[in-house]
Each structure stands twice: as structure tokens, then as C-alpha cells.
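Have a look at the structure below, then the notes.
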Amino acid sequence: MCTRICWLVFILVMQCVTTPKAHSQSLSIQIYDQGNRPLADAVVEIISPTAAIVNSGIQHVAQEQLTFVPFVTATPKGSLIDFPNRDKTRHHVYSFSSAKTFEIELYTGKPEEPVLFDEPGIVVLGCNIHDYMLAYIYVGESPLLLVTDENGKVYFPEVPQETLRIKLWHPWQLEQQTEQVVSAPLKTELSFTLAVAAKEKPRPPKRGFGS
Ligand SMILES: [Cu+2]
């Protein structure tokens, strides 16, 4: 009896593992700025009621060479993020944002514990010691969210084949409302334009500052 049940469970599990998921596909998205240049550091979030929540593990926003790395992080709500300090100098990381208010007082190396981000929204990071240091954490509602690379691209290996709401966000975007709705059947490649202000990423002053 037990052996038969075990076999049934085994067969069911194997079917789940080996059967390709129906009604899903890959999707590449290219983001350009208003000058038709590839836009890096843009968040692309696909709001899908059927997307499964996945545990992506603990992410890192490091401090390296007196700068936050990466400049923009996207993570679903409920995620943990660690803030390792890889510099020799101490940093004091904080956020006053309503989506997450916290601070990690002066430290080097690895902080005692990661920080939980459980409210969707934009979290602006700063450092009490180095005023120019700036980075952003986009806490999303959906697990389907990525940040564009240097070429302005993201690639989702698996999205549902259904009408999608796609939210775009960039720290320097000029428009408030940037949501797009893409009707099924979906293409495998999409592109959008996001108008942004012309700004440089924050960098440490050339010499003699806080090192
Ligand atoms: Cu600092």
C-alpha cells in the first residue's frame, strides 16, 4: 500500500518537473531614452496575477570604492538585502523613505543582519558620512522584475502568455505614469521609451574625500 502511494507521489513529482509549463514564453525588453539611446538602470516590472512568487535569496547592495553598487536594485516585497562594506573606510547607510526607514550605523565589513523590504515602493539610500552617495531600491509587487543592463535590456526567461501590465521606472524619469499594457498574443521582443533627465550617476570626488 505504502509502496504504491510512494510511486504515485513520485510520478506526480516527476510530471511537474519534466512537463514544460504551458502558456508561458520568454520576453526581451529594450528600453530607450527620449534620444533613442539605450537606457541602463531602468526597472521593468511585469505585474501578473498568475506569476509565482519565488524566493530569490538575499541580495546585496555593496559599498565599493565609496559608491553604492549597484546603483539601482529591484526586488520583490518580502526580500532581504545585505549591505556589505567592501571599503576600508566606514559607511553609515540609511533611508528615510516611507517604503523602508532604516539605518546601519558606522560599520565596516558585513552588517550583523540583512534588512527586510516588505512594502512596495522606492527606497532611496544615502550614507551619513559621504553625502554624495546615492542608490535606489525598487521594491516591487511582482517577482517578475529586473533592471536594464548597460545596453538598456532585460530578459525574462518565462512570462505568462496573457495580457501584461508592465511598469517602468527610472530614478530620473520625467513622467509620473509609465505603465504599459501589452495585449496577448505577446511578441518575444518589446521596446519602450522612457524620458529621463540628463544626469550623471553619483561618483566620489576625485581625491581627499572621506577615504
Ligand atoms: Cu559612506
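Each chain in the C-alpha cells gets a letter, A, B, ..., in the order shown, and its residues are numbered from 1; ligands are numbered from 1 in order too.
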
Any idea what's packed within 6 Å of Leu80 in chain A, counting only C-alpha atoms, ignoring anything in its chain fewer than 4 positions away? Could you give it as a ChimeraX atom specification? /A:58,114-116

Exercise: Asn128 in chain A partners within 8 Å, only C-alpha atoms, chain neighbours under 3 positions left out, as a list in words: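 The residues satisfying every condition are His91, His92, Val93, Tyr94 and Asp131 of chain A.
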
Export of prior selection with C-alpha atoms as a compact mmCIF listing (two decimals), in the first residue's frame:
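Written out: out-v1.txt:
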# COMPACT_ATOMS: atom_id res chain seq x y z
CA HIS A 91 29.95 53.86 5.98
CA HIS A 92 26.64 54.67 7.67
CA VAL A 93 23.84 53.54 5.39
CA TYR A 94 20.35 54.95 5.86
CA ASP A 131 26.82 62.95 1.25

Which chains and residue numbers are within 12 Å of ligand 1, counting only C-alpha atoms and all ligand atoms, if I want them as a ChimeraX atom specification? /A:62-68,83-94,104-108,125-135,203-204,209-211

Quick check, in Å to one decimal: how far apart do CA of Pro38 in chain A and CA of Gln173 in chain A lie? 14.0 Å

I need the residues of range 6-147 of chain A that end up classed as strand (DSSP E) by DSSP on the backbone, written out as a PyMOL selection string. chain A and resi 24-32+43-47+59-60+62-64+67-69+72-76+79-82+91-97+100-107+115-117+121-127+134-140+145-147

What lies within 8 Å of Ile31 in chain A using only C-alpha atoms, ignoring chain neighbours under 5 positions off, as a compact mmCIF listing (two decimals) with N, CA, C and O atoms, in the first residue's frame?
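Contents of result.txt, as written:
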# COMPACT_ATOMS: atom_id res chain seq x y z
N PRO A 38 20.06 53.55 -25.56
CA PRO A 38 19.73 52.52 -24.58
C PRO A 38 19.80 53.08 -23.16
O PRO A 38 20.74 53.81 -22.83
N LEU A 39 18.80 52.76 -22.35
CA LEU A 39 18.72 53.32 -21.00
C LEU A 39 19.04 52.24 -19.96
O LEU A 39 18.27 51.29 -19.79
N ALA A 40 20.17 52.42 -19.30
CA ALA A 40 20.56 51.49 -18.22
C ALA A 40 19.86 51.90 -16.93
O ALA A 40 19.33 53.02 -16.81
N ALA A 42 17.09 51.07 -15.56
CA ALA A 42 15.63 51.20 -15.56
C ALA A 42 15.03 49.91 -15.02
O ALA A 42 15.48 48.81 -15.36
N THR A 148 17.51 47.13 -16.19
CA THR A 148 18.17 47.07 -17.50
C THR A 148 19.69 47.17 -17.35
O THR A 148 20.20 47.88 -16.50
N GLY A 152 20.54 48.68 -22.00
CA GLY A 152 19.12 49.01 -21.85
C GLY A 152 18.20 47.80 -21.96
O GLY A 152 17.01 47.96 -22.27
N LYS A 153 18.75 46.60 -21.70
CA LYS A 153 17.96 45.38 -21.95
C LYS A 153 17.69 44.58 -20.68
O LYS A 153 18.52 44.56 -19.77
N SER A 191 9.91 46.92 -27.07
CA SER A 191 10.74 48.07 -26.69
C SER A 191 9.85 49.22 -26.26
O SER A 191 8.72 49.36 -26.75
N PHE A 192 10.35 49.99 -25.31
CA PHE A 192 9.63 51.15 -24.80
C PHE A 192 10.60 52.32 -24.66
O PHE A 192 11.82 52.12 -24.52
N THR A 193 10.01 53.51 -24.65
CA THR A 193 10.82 54.71 -24.44
C THR A 193 10.45 55.33 -23.09
O THR A 193 9.27 55.38 -22.74
N LEU A 194 11.46 55.75 -22.36
CA LEU A 194 11.24 56.40 -21.07
C LEU A 194 12.04 57.70 -21.08
O LEU A 194 13.27 57.68 -21.23
